[in-house]
>>> print(open('protein09.tsv').read())   # TSV, C-alpha atoms
chain	number	residue	atom	x	y	z
Q	14	MET	CA	0.00	0.00	0.00
Q	15	ALA	CA	1.41	3.41	-0.98
Q	16	GLU	CA	2.20	5.82	1.82
Q	17	GLN	CA	-0.23	8.73	2.04
Q	18	HIS	CA	1.24	12.18	2.64
Q	19	GLU	CA	-0.72	14.91	4.33
Q	20	ARG	CA	-1.56	17.79	1.97
Q	21	TRP	CA	-1.44	21.09	3.79
Q	22	PRO	CA	-3.86	23.79	2.67
Q	23	SER	CA	-2.34	26.59	0.67
Q	24	PRO	CA	-2.61	30.00	2.34
Q	25	ALA	CA	-2.62	31.87	-0.98
Q	26	GLY	CA	-5.69	29.95	-2.12
Q	27	SER	CA	-4.16	28.82	-5.42
Q	28	HIS	CA	-4.46	25.23	-6.55
Q	29	GLY	CA	-3.04	23.27	-9.46
Q	30	ASP	CA	0.33	22.47	-10.92
Q	31	GLY	CA	1.46	26.00	-11.66
Q	32	ASP	CA	0.55	26.10	-15.33
Q	33	GLY	CA	-1.93	28.93	-14.87
Q	34	ASP	CA	-4.94	27.20	-16.40
Q	35	GLY	CA	-8.22	26.48	-14.72
Q	36	ASP	CA	-8.64	29.70	-12.75
Q	37	GLY	CA	-8.08	32.30	-15.43
Q	38	ASP	CA	-4.98	33.83	-13.81
Q	39	SER	CA	-2.28	34.81	-16.27
Q	40	VAL	CA	0.47	34.22	-13.69
Q	41	ALA	CA	0.33	31.15	-11.46
Q	42	GLU	CA	1.32	31.85	-7.86
Q	43	MET	CA	1.58	28.16	-6.99
Q	44	MET	CA	3.69	25.35	-8.39
Q	45	ASP	CA	3.44	21.70	-7.38
Q	46	LEU	CA	6.47	19.59	-8.29
Q	47	SER	CA	5.87	16.98	-5.60
Q	48	GLY	CA	6.90	13.38	-6.18
Q	49	ARG	CA	8.67	13.91	-9.49
Q	50	GLY	CA	12.04	12.41	-8.55
Q	51	LEU	CA	13.85	15.74	-8.87
Q	52	VAL	CA	17.49	15.71	-7.78
Q	53	GLN	CA	17.84	19.42	-8.40
Q	54	LEU	CA	15.41	22.26	-8.81
Q	55	PRO	CA	14.70	23.12	-12.47
Q	56	GLU	CA	16.19	26.50	-13.41
Q	57	HIS	CA	12.85	27.80	-14.73
Q	58	VAL	CA	11.41	27.65	-11.21
Q	59	LEU	CA	14.04	30.10	-9.99
Q	60	GLN	CA	12.97	32.45	-12.79
Q	61	MET	CA	9.49	32.84	-11.30
Q	62	PRO	CA	9.88	35.50	-8.56
Q	63	TRP	CA	6.09	35.86	-8.28
Q	64	LEU	CA	5.66	32.34	-6.83
Q	65	LYS	CA	3.99	32.34	-3.43
Q	66	ASN	CA	3.51	28.59	-2.85
Q	67	LEU	CA	6.02	25.95	-3.90
Q	68	TYR	CA	5.47	22.24	-3.24
Q	69	LEU	CA	8.59	20.07	-3.61
Q	70	GLU	CA	7.63	17.23	-1.26
Q	71	GLY	CA	8.79	13.69	-2.02
Q	72	ASN	CA	11.71	14.37	-4.36
Q	73	ALA	CA	15.44	13.68	-4.01
Q	74	LEU	CA	16.70	17.24	-3.53
Q	75	SER	CA	19.94	17.26	-1.53
Q	76	GLU	CA	20.60	21.00	-1.60
Q	77	LEU	CA	19.13	24.38	-2.46
Q	78	SER	CA	21.29	26.98	-4.18
Q	79	GLU	CA	22.53	29.82	-1.98
Q	80	ASP	CA	20.49	32.29	-4.05
Q	81	PHE	CA	17.26	30.21	-3.81
Q	82	PHE	CA	15.55	32.56	-1.34
Q	83	HIS	CA	16.78	35.69	-3.13
Q	84	ARG	CA	15.42	34.49	-6.46
Q	85	LEU	CA	12.01	33.57	-4.99
Q	86	PRO	CA	11.37	36.65	-2.83
Q	87	ASN	CA	7.58	36.30	-2.66
Q	88	LEU	CA	7.37	32.73	-1.32
Q	89	ILE	CA	5.10	32.46	1.69
Q	90	TRP	CA	4.75	28.65	1.67
Q	91	LEU	CA	7.55	26.14	0.97
Q	92	ASP	CA	7.05	22.39	1.26
Q	93	LEU	CA	10.37	20.52	1.21
Q	94	ARG	CA	9.26	17.45	3.15
Q	95	ASN	CA	10.77	14.05	2.39
Q	96	ASN	CA	13.79	15.07	0.36
Q	97	LYS	CA	17.51	14.57	1.07
Q	98	LEU	CA	18.39	18.04	2.35
Q	99	THR	CA	21.16	18.18	4.93
Q	100	SER	CA	21.21	21.97	5.31
Q	101	LEU	CA	19.53	25.20	4.24
Q	102	PRO	CA	21.12	28.21	2.55
Q	103	LEU	CA	22.05	31.04	4.91
Q	104	SER	CA	20.11	33.37	2.62
Q	105	ILE	CA	16.91	32.18	4.32
Q	106	GLY	CA	17.66	34.86	6.91
Q	107	ASP	CA	17.15	37.58	4.28
Q	108	HIS	CA	13.74	36.32	3.17
Q	109	ARG	CA	10.91	38.57	4.36
Q	110	CYS	CA	7.76	36.81	3.10
Q	111	LEU	CA	8.19	33.13	4.02
Q	112	LYS	CA	5.73	32.14	6.74
Q	113	THR	CA	5.50	28.35	6.41
Q	114	LEU	CA	8.46	26.02	5.90
Q	115	LEU	CA	7.94	22.25	5.98
Q	116	LEU	CA	11.15	20.22	6.37
Q	117	GLU	CA	10.01	16.93	7.86
Q	118	GLY	CA	11.70	13.78	6.61
Q	119	ASN	CA	15.03	15.38	5.64
Q	120	PRO	CA	18.38	14.39	7.17
Q	121	ILE	CA	19.12	17.98	8.19
Q	122	ARG	CA	22.05	18.14	10.57
Q	123	LYS	CA	22.09	21.83	11.36
Q	124	LEU	CA	19.72	24.74	10.81
Q	125	PRO	CA	21.01	28.26	10.12
Q	126	VAL	CA	20.87	30.56	13.14
Q	127	GLU	CA	19.14	33.08	10.83
Q	128	LEU	CA	16.11	30.80	10.74
Q	129	GLY	CA	15.31	31.51	14.38
Q	130	SER	CA	15.86	35.26	14.29
Q	131	SER	CA	12.52	36.10	12.69
Q	132	ARG	CA	9.09	36.49	14.20
Q	133	ARG	CA	7.36	36.10	10.84
Q	134	TRP	CA	6.85	32.33	11.09
Q	135	CYS	CA	3.40	30.80	11.20
Q	136	CYS	CA	4.73	27.26	10.92
Q	137	CYS	CA	8.15	25.69	10.65
Q	138	ARG	CA	8.06	21.90	10.95
Q	139	VAL	CA	11.32	19.98	11.10
Q	140	ARG	CA	10.54	16.83	13.06
Q	141	THR	CA	11.68	13.28	12.24
Q	142	TRP	CA	15.35	14.01	12.70
Q	143	ARG	CA	17.17	10.82	13.43
Q	144	ARG	CA	20.00	10.73	15.92
Q	145	ARG	CA	22.94	8.64	14.84
Q	146	THR	CA	23.76	5.86	17.25
Q	147	ARG	CA	27.06	4.09	17.64
Q	148	SER	CA	27.17	0.37	17.17
>>> encode(input="protein09.tsv", output="structure tokens")
Amino acid sequence: MAEQHERWPSPAGSHGDGDGDGDGDSVAEMMDLSGRGLVQLPEHVLQMPWLKNLYLEGNALSELSEDFFHRLPNLIWLDLRNNKLTSLPLSIGDHRCLKTLLLEGNPIRKLPVELGSSRRWCCCRVRTWRRRTRS
């Protein structure tokens, strides 16, 4: 039986896969690239500064570029659950819009201090860290 992942509601109210059809908007504010086996983020995503909601859950991303948060300045919702991330770019500290960051299921070893210096957060979930044990 396939594992079911919880779908969080989008605060911007947009739905779909980011192609802009279905609701008449000329610019999609949401992109869903969940479960596509991505090992790196496609460059065209970083060329969409208007994105507000980005779903990348269930891929194989091991890192985000240092300029990720600078190139997506309007993100308010970022779902990175169940990837292979071990860290986050320090540039997250410069981001002013991000309110929800979902990191569960990543082998993150250390979070940037900048992540905790903001009061803008509505939700930041990072559980399911696994402590290494010695044999």
>>> closest_residue(input="protein09.tsv", among="Q:Ala41, Q:Leu77, Q:Leu116, Q:Leu111", to="Glu56 (chain Q)", atoms="all atoms listed in the file")
Q:Leu77
>>> atom_distance(input="protein09.tsv", atom1="CA of Ser100 (chain Q)", atom2="CA of Met43 (chain Q)")
24.0 Å
>>> atom_distance(input="protein09.tsv", atom1="CA of Ile121 (chain Q)", atom2="CA of Glu42 (chain Q)")
27.7 Å
>>> residues_around(input="protein09.tsv", residues="region 84-91 of chain Q", least_positions_apart="3", cutoff="6 Å", atoms="only C-alpha atoms", output="tab-separated table (two decimals) with C-alpha atoms, in the coordinates of the input")
chain	number	residue	atom	x	y	z
Q	59	LEU	CA	14.04	30.10	-9.99
Q	62	PRO	CA	9.88	35.50	-8.56
Q	63	TRP	CA	6.09	35.86	-8.28
Q	64	LEU	CA	5.66	32.34	-6.83
Q	65	LYS	CA	3.99	32.34	-3.43
Q	66	ASN	CA	3.51	28.59	-2.85
Q	67	LEU	CA	6.02	25.95	-3.90
Q	81	PHE	CA	17.26	30.21	-3.81
Q	110	CYS	CA	7.76	36.81	3.10
Q	111	LEU	CA	8.19	33.13	4.02
Q	112	LYS	CA	5.73	32.14	6.74
Q	113	THR	CA	5.50	28.35	6.41
Q	114	LEU	CA	8.46	26.02	5.90
>>> atom_distance(input="protein09.tsv", atom1="CA of Arg49 (chain Q)", atom2="CA of Leu74 (chain Q)")
10.5 Å
>>> closest_residue(input="protein09.tsv", among="Q:Leu115, Q:Ile105, Q:Leu69, Q:Leu124", to="Val52 (chain Q)", atoms="only C-alpha atoms")
Q:Leu69
>>> closest_residue(input="protein09.tsv", among="Q:Leu103, Q:Leu51, Q:Met44, Q:Ala73", to="Pro120 (chain Q)", atoms="all atoms listed in the file")
Q:Ala73
>>> residues_around(input="protein09.tsv", residues="Lys123 (chain Q)", least_positions_apart="3", cutoff="12 Å", atoms="all atoms listed in the file", output="PyMOL selection string")
chain Q and resi 98-103+119-120+126-128+139+142
>>> closest_residue(input="protein09.tsv", among="Q:Tyr68, Q:Gly48, Q:Asp80, Q:Val40", to="His108 (chain Q)", atoms="only C-alpha atoms")
Q:Asp80
>>> closest_residue(input="protein09.tsv", among="Q:Gln60, Q:Ser47, Q:Gly118, Q:Pro125", to="Asn95 (chain Q)", atoms="all atoms listed in the file")
Q:Gly118
>>> closest_residue(input="protein09.tsv", among="Q:Glu70, Q:Leu46, Q:Glu76, Q:Pro55", to="Arg94 (chain Q)", atoms="all atoms listed in the file")
Q:Glu70
